[in-house]
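Engineer: For reference, the structure I am asking about is given below.
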Amino acid sequence: MLNVAKVRGRLAELRLTQKDVAKALGIAPATASQKLNRVRPMDLDEAEKLADLLQIDNAQFGEYFFAG
């Protein structure tokens, strides 16, 4: 399950917006919002793309996408 607090913190650190997330995932900003707020599930492919955007390495991946 997406760790919303960690993801939002990392977005803030990198000064990225929800629009940046939407662009990276190839989805509408409204859909990105739903995924970031756990209204809609995020699949593994999307999680990997978001990890790339957030510059999260493999060792940290679980902290962001499987904790929460």
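Ordered as shown in the structure tokens, chains take letters A, B, and onward, while each chain numbers its residues from 1 and ligands are numbered from 1 in the order shown.
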Name all residues at most 12 Å from Ser33 of chain A (count only C-alpha atoms; drop same-chain ones fewer than 2 positions away) and give them as a VMD selection string.
Structural biologist: chain A and resid 4 8 17 to 22 25 27 to 31 35 to 42
Engineer: One decimal, in Å: what's the spacing between atom CA of Phe66 of chain A and atom CA of Met1 of chain A?
Structural biologist: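 Going from atom CA of Phe66 of chain A over to atom CA of Met1 of chain A, I get 4.8 Å.
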Engineer: To one decimal place in Å, what is the distance between atom CA of Arg15 of chain A and atom CA of Asp45 of chain A?
Structural biologist: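 These atoms are spaced 22.8 Å apart.
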Engineer: Within 9 Å of segment 48-53 of chain A, counting only C-alpha atoms, which residues qualify if same-chain residues fewer than 3 places away don't, as a list in words?
Structural biologist: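 Residues meeting the cut-off are Leu16, Asp20, Val21, Ala24, Leu25, Asp43, Leu44, Asp45, Ile56, Asp57, Asn58, Phe61, Tyr64 and Phe65 of chain A.
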Engineer: Store the residues picked out above, limited to C-alpha atoms, as a PDB file, in the first residue's frame.
Structural biologist:
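Below is the file that was written, out01.pdb:
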ATOM      1  CA  LEU A  16       7.355  18.179  -7.930  1.00  0.00           C
ATOM      2  CA  ASP A  20       4.461  16.027 -12.758  1.00  0.00           C
ATOM      3  CA  VAL A  21       3.238  12.701 -11.364  1.00  0.00           C
ATOM      4  CA  ALA A  24       5.305  10.593 -15.558  1.00  0.00           C
ATOM      5  CA  LEU A  25       2.536   7.998 -15.249  1.00  0.00           C
ATOM      6  CA  ASP A  43      -0.145  -0.992 -10.229  1.00  0.00           C
ATOM      7  CA  LEU A  44       3.489  -2.095 -10.171  1.00  0.00           C
ATOM      8  CA  ASP A  45       4.332  -0.399 -13.471  1.00  0.00           C
ATOM      9  CA  ILE A  56      13.852   6.231  -5.120  1.00  0.00           C
ATOM     10  CA  ASP A  57      16.348   3.376  -5.315  1.00  0.00           C
ATOM     11  CA  ASN A  58      15.438  -0.294  -5.077  1.00  0.00           C
ATOM     12  CA  PHE A  61      11.122   1.047  -2.807  1.00  0.00           C
ATOM     13  CA  TYR A  64       7.317   4.038  -0.185  1.00  0.00           C
ATOM     14  CA  PHE A  65       5.085   1.421  -1.774  1.00  0.00           C
TER      15      PHE A  65
END
Engineer: Using only C-alpha atoms, find the one residue out of A:Ala59, A:Gln34, A:Leu54, A:Lys23 that sits nearest to Val7 of chain A.
Structural biologist: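 Smallest distance to Val7 of chain A is found for A:Leu54.
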Engineer: What parts of chain A does DSSP call alpha helix (DSSP H)? I'd like the answer as number ranges by chain.
Structural biologist: A: 4-13, 18-25, 29-36, 44-53, 61-65
